[in-house]
file structure.tsv (TSV, C-alpha atoms)
chain	number	residue	atom	x	y	z
A	1	MET	CA	1.29	28.09	-32.56
A	2	GLU	CA	2.20	28.08	-28.88
A	3	ILE	CA	0.42	25.58	-26.65
A	4	THR	CA	-0.68	27.12	-23.36
A	5	ASP	CA	-0.17	25.45	-19.98
A	6	GLN	CA	-3.93	24.94	-19.66
A	7	ASN	CA	-4.06	23.15	-23.03
A	8	LYS	CA	-1.19	20.94	-21.89
A	9	GLY	CA	-3.08	20.25	-18.66
A	10	ASN	CA	-6.26	19.37	-20.56
A	11	LEU	CA	-4.26	16.98	-22.77
A	12	TYR	CA	-2.78	15.28	-19.69
A	13	ILE	CA	-6.26	14.84	-18.20
A	14	LEU	CA	-7.56	13.44	-21.50
A	15	LEU	CA	-4.69	10.91	-21.58
A	16	THR	CA	-5.57	10.04	-17.96
A	17	ALA	CA	-9.21	9.39	-18.89
A	18	ILE	CA	-8.15	7.20	-21.84
A	19	LEU	CA	-5.86	5.10	-19.61
A	20	TRP	CA	-8.51	4.83	-16.88
A	21	SER	CA	-11.09	3.72	-19.45
A	22	THR	CA	-9.09	0.58	-20.31
A	23	GLY	CA	-9.85	-0.89	-16.87
A	24	GLY	CA	-13.13	-2.51	-17.91
A	25	ILE	CA	-11.78	-4.54	-20.82
A	26	LEU	CA	-8.47	-5.44	-19.11
A	27	LEU	CA	-10.32	-6.76	-16.04
A	28	LYS	CA	-12.51	-8.92	-18.29
A	29	TRP	CA	-9.36	-10.68	-19.55
A	30	VAL	CA	-8.18	-11.77	-16.10
A	31	PRO	CA	-9.85	-14.83	-14.52
A	32	GLY	CA	-10.03	-15.40	-10.78
A	33	ASN	CA	-11.52	-13.74	-7.71
A	34	ALA	CA	-11.67	-9.99	-7.21
A	35	VAL	CA	-9.33	-9.95	-4.20
A	36	LEU	CA	-6.53	-11.62	-6.18
A	37	ILE	CA	-7.00	-9.45	-9.29
A	38	ASN	CA	-7.15	-6.23	-7.29
A	39	GLY	CA	-4.16	-7.29	-5.20
A	40	ALA	CA	-2.03	-8.22	-8.22
A	41	ARG	CA	-2.87	-4.95	-9.98
A	42	SER	CA	-2.17	-3.02	-6.78
A	43	PHE	CA	1.18	-4.79	-6.28
A	44	VAL	CA	2.33	-3.68	-9.75
A	45	ALA	CA	1.02	-0.15	-9.09
A	46	PHE	CA	2.73	-0.09	-5.67
A	47	ALA	CA	6.07	-1.06	-7.26
A	48	PHE	CA	5.57	1.64	-9.93
A	49	PHE	CA	4.86	4.32	-7.31
A	50	CYS	CA	7.83	3.30	-5.16
A	51	PHE	CA	10.06	3.79	-8.22
A	52	PHE	CA	8.31	7.04	-9.15
A	53	ARG	CA	8.54	8.50	-5.62
A	54	LYS	CA	12.28	7.65	-5.39
A	55	GLY	CA	12.31	6.74	-1.72
A	56	LYS	CA	10.04	9.57	-0.55
A	57	LYS	CA	8.54	8.68	2.83
A	58	ILE	CA	4.81	8.00	3.15
A	59	ARG	CA	3.02	10.41	5.47
A	60	VAL	CA	0.57	8.65	7.78
A	61	ASN	CA	-2.28	10.03	9.89
A	62	ARG	CA	-5.92	9.18	10.62
A	63	ILE	CA	-7.34	10.98	7.55
A	64	ILE	CA	-4.80	9.43	5.17
A	65	CYS	CA	-5.41	5.94	6.57
A	66	LEU	CA	-9.19	6.29	6.24
A	67	ALA	CA	-8.79	7.54	2.66
A	68	ALA	CA	-6.53	4.55	1.92
A	69	VAL	CA	-9.15	2.11	3.23
A	70	CYS	CA	-11.85	3.81	1.11
A	71	MET	CA	-9.68	3.65	-2.00
A	72	CYS	CA	-8.77	0.02	-1.39
A	73	MET	CA	-12.46	-0.87	-1.03
A	74	THR	CA	-13.34	1.22	-4.11
A	75	ASN	CA	-10.89	-0.72	-6.27
A	76	LEU	CA	-11.90	-4.09	-4.82
A	77	LEU	CA	-15.65	-3.47	-5.25
A	78	PHE	CA	-15.10	-2.13	-8.78
A	79	VAL	CA	-13.26	-5.32	-9.81
A	80	LEU	CA	-15.99	-7.45	-8.24
A	81	ALA	CA	-18.74	-5.42	-9.96
A	82	ASN	CA	-16.98	-5.94	-13.32
A	83	LYS	CA	-17.27	-9.68	-12.78
A	84	LEU	CA	-20.99	-9.57	-11.97
A	85	THR	CA	-22.40	-6.86	-14.24
A	86	THR	CA	-21.40	-5.08	-17.43
A	87	ALA	CA	-18.21	-3.00	-17.37
A	88	ALA	CA	-20.27	0.02	-18.50
A	89	ASN	CA	-22.68	-0.33	-15.57
A	90	ALA	CA	-19.77	-0.70	-13.14
A	91	ILE	CA	-17.90	2.43	-14.26
A	92	VAL	CA	-20.94	4.71	-14.61
A	93	LEU	CA	-22.36	3.73	-11.23
A	94	GLN	CA	-18.94	4.21	-9.62
A	95	ASP	CA	-18.62	7.63	-11.27
A	96	SER	CA	-21.76	8.74	-9.41
A	97	ALA	CA	-19.36	9.33	-6.49
A	98	PRO	CA	-19.49	13.18	-6.63
A	99	ILE	CA	-23.21	13.00	-5.88
A	100	PHE	CA	-22.53	11.06	-2.68
A	101	VAL	CA	-19.80	13.57	-1.75
A	102	MET	CA	-22.52	16.22	-1.34
A	103	THR	CA	-24.22	13.96	1.20
A	104	TRP	CA	-21.05	13.41	3.27
A	105	ASP	CA	-20.19	17.11	3.06
A	106	SER	CA	-23.65	18.10	4.34
A	107	ILE	CA	-23.37	15.67	7.27
A	108	TYR	CA	-19.82	16.80	8.10
A	109	ARG	CA	-20.71	20.50	8.01
A	110	LYS	CA	-24.13	19.87	9.62
A	111	LYS	CA	-25.71	21.95	6.89
A	112	LEU	CA	-28.54	21.02	4.53
A	113	PRO	CA	-27.67	21.04	0.80
A	114	LYS	CA	-29.06	23.86	-1.33
A	115	LYS	CA	-32.08	23.42	-3.62
A	116	LYS	CA	-29.87	23.13	-6.72
A	117	GLN	CA	-27.80	20.42	-5.04
A	118	ILE	CA	-30.91	18.50	-3.96
A	119	LEU	CA	-32.27	18.59	-7.53
A	120	VAL	CA	-28.94	17.31	-8.89
A	121	MET	CA	-28.89	14.51	-6.30
A	122	LEU	CA	-32.47	13.47	-7.15
A	123	MET	CA	-31.60	13.48	-10.85
A	124	ALA	CA	-28.54	11.28	-10.26
A	125	PHE	CA	-30.39	8.81	-8.05
A	126	GLY	CA	-33.17	8.68	-10.66
A	127	GLY	CA	-30.52	7.70	-13.22
A	128	ILE	CA	-29.16	5.04	-10.88
A	129	PHE	CA	-32.69	3.66	-10.42
A	130	LEU	CA	-33.02	3.16	-14.20
A	131	PHE	CA	-30.11	0.71	-14.15
A	132	PHE	CA	-32.33	-1.77	-12.32
A	133	PHE	CA	-34.90	-1.92	-15.14
A	134	ASP	CA	-32.41	-3.91	-17.24
A	135	GLN	CA	-31.31	-7.49	-16.54
A	136	LEU	CA	-32.82	-7.99	-13.11
A	137	ASP	CA	-31.33	-11.46	-12.73
A	138	GLY	CA	-29.38	-12.09	-9.52
A	139	GLY	CA	-25.92	-11.59	-11.01
A	140	HIS	CA	-26.48	-8.23	-12.67
A	141	LEU	CA	-28.60	-6.97	-9.79
A	142	LEU	CA	-25.86	-7.82	-7.28
A	143	GLY	CA	-23.19	-6.37	-9.58
A	144	ASN	CA	-25.08	-3.07	-9.90
A	145	LEU	CA	-25.51	-2.84	-6.12
A	146	ILE	CA	-21.79	-3.51	-5.60
A	147	ALA	CA	-20.94	-0.84	-8.21
A	148	ILE	CA	-23.06	1.67	-6.27
A	149	CYS	CA	-21.17	0.71	-3.10
A	150	ALA	CA	-17.93	1.31	-5.02
A	151	GLY	CA	-19.24	4.79	-5.86
A	152	MET	CA	-20.00	5.44	-2.20
A	153	MET	CA	-16.48	4.35	-1.21
A	154	PHE	CA	-15.01	6.48	-4.01
A	155	SER	CA	-16.94	9.48	-2.70
A	156	GLY	CA	-15.28	8.85	0.66
A	157	VAL	CA	-11.89	9.15	-1.06
A	158	PHE	CA	-12.87	12.52	-2.60
A	159	PHE	CA	-14.30	13.82	0.66
A	160	LEU	CA	-11.41	12.71	2.90
A	161	ASN	CA	-8.80	14.07	0.47
A	162	SER	CA	-10.49	17.49	0.70
A	163	LEU	CA	-9.96	17.68	4.48
A	164	PRO	CA	-6.97	19.27	6.24
A	165	ASP	CA	-3.95	16.96	6.79
A	166	SER	CA	-4.97	14.75	3.86
A	167	GLY	CA	-2.58	13.47	1.21
A	168	SER	CA	-3.94	11.85	-1.95
A	169	GLU	CA	-0.60	10.41	-3.08
A	170	ASP	CA	0.19	8.97	0.36
A	171	SER	CA	-3.28	7.44	0.73
A	172	SER	CA	-3.03	5.94	-2.79
A	173	VAL	CA	0.27	4.20	-2.01
A	174	LEU	CA	-1.13	2.92	1.29
A	175	ALA	CA	-4.25	1.64	-0.50
A	176	PHE	CA	-2.13	-0.33	-2.99
A	177	PHE	CA	-0.07	-1.79	-0.14
A	178	LEU	CA	-3.22	-2.80	1.79
A	179	ALA	CA	-4.77	-4.44	-1.30
A	180	THR	CA	-1.53	-6.40	-1.87
A	181	ILE	CA	-1.53	-7.68	1.72
A	182	LEU	CA	-5.19	-8.76	1.48
A	183	ALA	CA	-4.42	-10.74	-1.68
A	184	VAL	CA	-1.38	-12.64	-0.34
A	185	PRO	CA	-3.40	-15.81	0.56
A	186	PHE	CA	-4.63	-15.99	-3.07
A	187	PHE	CA	-1.38	-15.29	-4.91
A	188	ARG	CA	-0.85	-19.02	-5.46
A	189	ASP	CA	-3.84	-19.01	-7.85
A	190	ALA	CA	-2.03	-16.47	-10.05
A	191	THR	CA	0.19	-19.31	-11.32
A	192	LEU	CA	-2.83	-20.53	-13.31
A	193	TRP	CA	-2.99	-17.32	-15.36
A	194	ASP	CA	-2.02	-17.46	-19.03
A	195	GLY	CA	0.16	-14.89	-20.81
A	196	LYS	CA	-2.85	-12.72	-21.75
A	197	ALA	CA	-3.96	-12.42	-18.12
A	198	VAL	CA	-0.44	-11.58	-16.91
A	199	LEU	CA	-0.06	-8.88	-19.57
A	200	ALA	CA	-3.47	-7.47	-18.59
A	201	ILE	CA	-2.40	-7.25	-14.92
A	202	LEU	CA	0.86	-5.51	-15.88
A	203	ALA	CA	-1.05	-3.07	-18.10
A	204	LEU	CA	-3.54	-2.39	-15.29
A	205	GLY	CA	-0.83	-1.67	-12.74
A	206	ILE	CA	1.62	0.28	-14.91
A	207	PHE	CA	-0.62	2.15	-17.33
A	208	GLN	CA	-4.24	2.12	-16.13
A	209	VAL	CA	-3.21	3.08	-12.57
A	210	GLY	CA	0.45	4.16	-12.40
A	211	LEU	CA	1.02	6.24	-15.53
A	212	ALA	CA	-2.55	7.56	-15.39
A	213	TYR	CA	-1.85	8.99	-11.93
A	214	VAL	CA	1.34	10.69	-13.20
A	215	PHE	CA	-0.61	12.32	-16.05
A	216	PHE	CA	-3.44	13.29	-13.67
A	217	ALA	CA	-1.02	14.89	-11.18
A	218	LYS	CA	0.61	16.93	-13.97
A	219	GLY	CA	-2.69	17.87	-15.58
A	220	SER	CA	-4.30	18.93	-12.30
A	221	ARG	CA	-1.51	21.44	-11.72
A	222	LEU	CA	-1.85	23.00	-15.18
A	223	THR	CA	-5.62	23.19	-15.76
A	224	THR	CA	-8.66	24.21	-13.72
A	225	PRO	CA	-10.52	21.77	-11.41
A	226	VAL	CA	-13.66	22.21	-13.52
A	227	SER	CA	-11.87	21.28	-16.75
A	228	ALA	CA	-10.16	18.33	-15.07
A	229	SER	CA	-13.46	17.01	-13.67
A	230	LEU	CA	-15.35	17.35	-16.95
A	231	ILE	CA	-12.61	15.88	-19.18
A	232	SER	CA	-12.10	12.93	-16.80
A	233	LEU	CA	-15.74	11.95	-17.43
A	234	MET	CA	-14.50	10.68	-20.82
A	235	GLU	CA	-13.53	7.54	-18.88
A	236	ALA	CA	-17.20	6.63	-18.47
A	237	VAL	CA	-17.82	7.26	-22.18
A	238	LEU	CA	-14.81	5.35	-23.53
A	239	ASN	CA	-15.00	2.37	-21.14
A	240	PRO	CA	-18.21	0.92	-22.68
A	241	ILE	CA	-16.82	1.51	-26.19
A	242	TRP	CA	-13.66	-0.57	-25.57
A	243	VAL	CA	-15.69	-3.35	-23.95
A	244	LEU	CA	-18.16	-3.36	-26.87
A	245	ILE	CA	-15.37	-3.48	-29.49
A	246	PHE	CA	-13.10	-6.05	-27.84
A	247	TYR	CA	-15.56	-8.07	-25.71
A	248	GLY	CA	-18.93	-7.61	-27.42
A	249	GLU	CA	-20.64	-6.49	-24.20
A	250	LYS	CA	-23.54	-4.02	-24.55
A	251	MET	CA	-25.41	-1.75	-22.14
A	252	GLY	CA	-29.14	-2.24	-21.71
A	253	LYS	CA	-31.57	0.40	-23.04
A	254	TYR	CA	-32.59	1.71	-19.62
A	255	ALA	CA	-29.02	1.55	-18.31
A	256	LEU	CA	-27.89	3.71	-21.23
A	257	ILE	CA	-30.56	6.32	-20.43
A	258	GLY	CA	-29.59	6.15	-16.75
A	259	ALA	CA	-25.91	6.63	-17.67
A	260	VAL	CA	-26.70	9.80	-19.63
A	261	ILE	CA	-28.72	11.18	-16.70
A	262	ILE	CA	-25.98	10.38	-14.17
A	263	LEU	CA	-23.22	11.93	-16.29
A	264	PHE	CA	-25.37	15.02	-16.90
A	265	SER	CA	-26.02	15.39	-13.16
A	266	VAL	CA	-22.30	15.07	-12.42
A	267	VAL	CA	-21.55	17.80	-14.98
A	268	LEU	CA	-24.17	20.06	-13.34
A	269	ASN	CA	-22.64	19.34	-9.94
A	270	VAL	CA	-19.16	20.26	-11.16
A	271	LEU	CA	-20.40	23.50	-12.73
A	272	HIS	CA	-22.43	24.40	-9.62
A	273	SER	CA	-19.40	23.76	-7.38
A	274	SER	CA	-17.30	26.00	-9.61
A	275	GLU	CA	-19.93	28.74	-9.40
A	276	GLU	CA	-20.03	28.47	-5.61
A	277	GLU	CA	-16.23	28.63	-5.44
A	278	ASN	CA	-16.18	31.80	-7.58
A	279	VAL	CA	-18.80	33.42	-5.35
A	280	GLN	CA	-16.73	32.62	-2.25
A	281	LYS	CA	-13.60	34.06	-3.89
A	282	LYS	CA	-15.44	37.26	-4.79
A	283	LYS	CA	-16.72	37.62	-1.19
A	284	LEU	CA	-13.20	37.05	0.16
A	285	PHE	CA	-11.72	39.59	-2.28
A	286	LYS	CA	-14.42	42.13	-1.38
A	287	SER	CA	-13.83	41.72	2.38
A	288	GLN	CA	-10.05	42.03	1.92
A	289	ALA	CA	-10.53	45.16	-0.18
A	290	GLU	CA	-12.76	46.69	2.51
A	291	ILE	CA	-10.16	45.95	5.17
A	292	ILE	CA	-7.45	47.64	3.06
A	293	CYS	CA	-9.70	50.66	2.46
A	294	ASN	CA	-10.49	50.97	6.16
A	295	LYS	CA	-6.80	50.82	7.04
A	296	SER	CA	-5.94	53.50	4.48
A	297	GLU	CA	-8.58	55.81	5.98

call {"tool": "encode", "arguments": {"input": "structure.tsv", "output": "structure tokens"}}
result
Amino acid sequence: MEITDQNKGNLYILLTAILWSTGGILLKWVPGNAVLINGARSFVAFAFFCFFRKGKKIRVNRIICLAAVCMCMTNLLFVLANKLTTAANAIVLQDSAPIFVMTWDSIYRKKLPKKKQILVMLMAFGGIFLFFFDQLDGGHLLGNLIAICAGMMFSGVFFLNSLPDSGSEDSSVLAFFLATILAVPFFRDATLWDGKAVLAILALGIFQVGLAYVFFAKGSRLTTPVSASLISLMEAVLNPIWVLIFYGEKMGKYALIGAVIILFSVVLNVLHSSEEENVQKKKLFKSQAEIICNKSE
């Protein structure tokens, strides 16, 4: 039985989601402050990308630099959130990013979102609100808020990479370089890490970030954006499972309900965006056909 290119693409995206999902448990195994952990992981990822790119120059402009700052802050806030709240809360709240993208897109285009989009946004924010019914002590509350900020920063990455003159690979490499520079004053503390922590950092940089990006880049070229977006949501499903199995950390009852609502709203958003894209393509095809017909007459 022959495997189609789309099936290969879907498999690559699934492997990407599996690698991404290991971030929660690996971060739990590394002691220290978030700046150091994020910087060490980014240094390994930066070295991996330099080898993978084989000397290819990094393109730099205003959009790419802004996207790099957003990605750097996303990673830093995500690591910090993992230290203050459950790994499941951190990843699900960060994955609410597509909902925030609609907000930035509406502001940028100076156009109000449609009714369907508003309903999806309200549903997602309702799910986020449920997270604050569980464990309202200072640590988890702060961690949840930081995770939401990570989602907002992540949405900035999505939005900026959709603009003209953007470059996701270039901004990613710049983000890893920036995170490494920010962590330089703390690198001395890394000497206190044991073998388990060092292996976790290497796994984070090489597999959870580096190899995952390679798989994602290949998969994105072979499958549809809708399939890629939906399959990548497996990260938010698998992340809590690994943390529960290897760390014994559980989600609260209300947080679990909120997670289901958020993921459902993201799925609706992806499907709605796909529908809108198909409508635009049909309009473009129809207008081109009319132009050809008029010319032939």

call {"tool": "atom_distance", "arguments": {"input": "structure.tsv", "atom1": "CA of Met73 (chain A)", "atom2": "CA of Phe133 (chain A)"}}
result
26.5 Å

call {"tool": "atom_distance", "arguments": {"input": "structure.tsv", "atom1": "CA of Ala255 (chain A)", "atom2": "CA of Ala97 (chain A)"}}
result
17.1 Å

call {"tool": "closest_residue", "arguments": {"input": "structure.tsv", "among": "A:Gln208, A:Thr16, A:Gln94, A:Thr22", "to": "Ile148 (chain A)", "atoms": "all atoms listed in the file"}}
result
A:Gln94

call {"tool": "residues_near_point", "arguments": {"input": "structure.tsv", "point": "(-1.4, -17.2, -7.7)", "cutoff": "12 Å", "atoms": "all atoms listed in the file", "output": "mmCIF file with C-alpha atoms, in the coordinates of the input"}}
result
data_model
loop_
_atom_site.group_PDB
_atom_site.id
_atom_site.type_symbol
_atom_site.label_atom_id
_atom_site.label_comp_id
_atom_site.auth_asym_id
_atom_site.auth_seq_id
_atom_site.Cartn_x
_atom_site.Cartn_y
_atom_site.Cartn_z
ATOM 1 C CA PRO A 31 -9.850 -14.830 -14.520
ATOM 2 C CA GLY A 32 -10.030 -15.400 -10.780
ATOM 3 C CA ASN A 33 -11.520 -13.740 -7.710
ATOM 4 C CA VAL A 35 -9.330 -9.950 -4.200
ATOM 5 C CA LEU A 36 -6.530 -11.620 -6.180
ATOM 6 C CA ILE A 37 -7.000 -9.450 -9.290
ATOM 7 C CA GLY A 39 -4.160 -7.290 -5.200
ATOM 8 C CA ALA A 40 -2.030 -8.220 -8.220
ATOM 9 C CA ALA A 183 -4.420 -10.740 -1.680
ATOM 10 C CA VAL A 184 -1.380 -12.640 -0.340
ATOM 11 C CA PRO A 185 -3.400 -15.810 0.560
ATOM 12 C CA PHE A 186 -4.630 -15.990 -3.070
ATOM 13 C CA PHE A 187 -1.380 -15.290 -4.910
ATOM 14 C CA ARG A 188 -0.850 -19.020 -5.460
ATOM 15 C CA ASP A 189 -3.840 -19.010 -7.850
ATOM 16 C CA ALA A 190 -2.030 -16.470 -10.050
ATOM 17 C CA THR A 191 0.190 -19.310 -11.320
ATOM 18 C CA LEU A 192 -2.830 -20.530 -13.310
ATOM 19 C CA TRP A 193 -2.990 -17.320 -15.360
ATOM 20 C CA ASP A 194 -2.020 -17.460 -19.030
ATOM 21 C CA ALA A 197 -3.960 -12.420 -18.120
ATOM 22 C CA VAL A 198 -0.440 -11.580 -16.910
#

call {"tool": "atom_distance", "arguments": {"input": "structure.tsv", "atom1": "CA of Leu27 (chain A)", "atom2": "CA of Ala150 (chain A)"}}
result
15.6 Å

call {"tool": "closest_residue", "arguments": {"input": "structure.tsv", "among": "A:Gly205, A:Gly252, A:Gly151, A:Gly143", "to": "Phe100 (chain A)", "atoms": "all atoms listed in the file"}}
result
A:Gly151

call {"tool": "closest_residue", "arguments": {"input": "structure.tsv", "among": "A:Phe52, A:Phe125, A:Phe131, A:Tyr12", "to": "Met251 (chain A)", "atoms": "all atoms listed in the file"}}
result
A:Phe131

call {"tool": "closest_residue", "arguments": {"input": "structure.tsv", "among": "A:Tyr254, A:Trp29, A:Tyr213, A:Phe176", "to": "Lys83 (chain A)", "atoms": "only C-alpha atoms"}}
result
A:Trp29

call {"tool": "closest_residue", "arguments": {"input": "structure.tsv", "among": "A:Ile181, A:Leu160, A:Cys149, A:Ala203", "to": "Leu66 (chain A)", "atoms": "only C-alpha atoms"}}
result
A:Leu160

call {"tool": "residues_around", "arguments": {"input": "structure.tsv", "residues": "Ile91 (chain A)", "least_positions_apart": "6", "cutoff": "8 Å", "atoms": "all atoms listed in the file", "output": "list in words"}}
result
Gly24, Phe78, Ala147, Ala236 and Asn239 of chain A

call {"tool": "closest_residue", "arguments": {"input": "structure.tsv", "among": "A:Leu19, A:Leu11, A:Leu174, A:Val237", "to": "Phe207 (chain A)", "atoms": "only C-alpha atoms"}}
result
A:Leu19
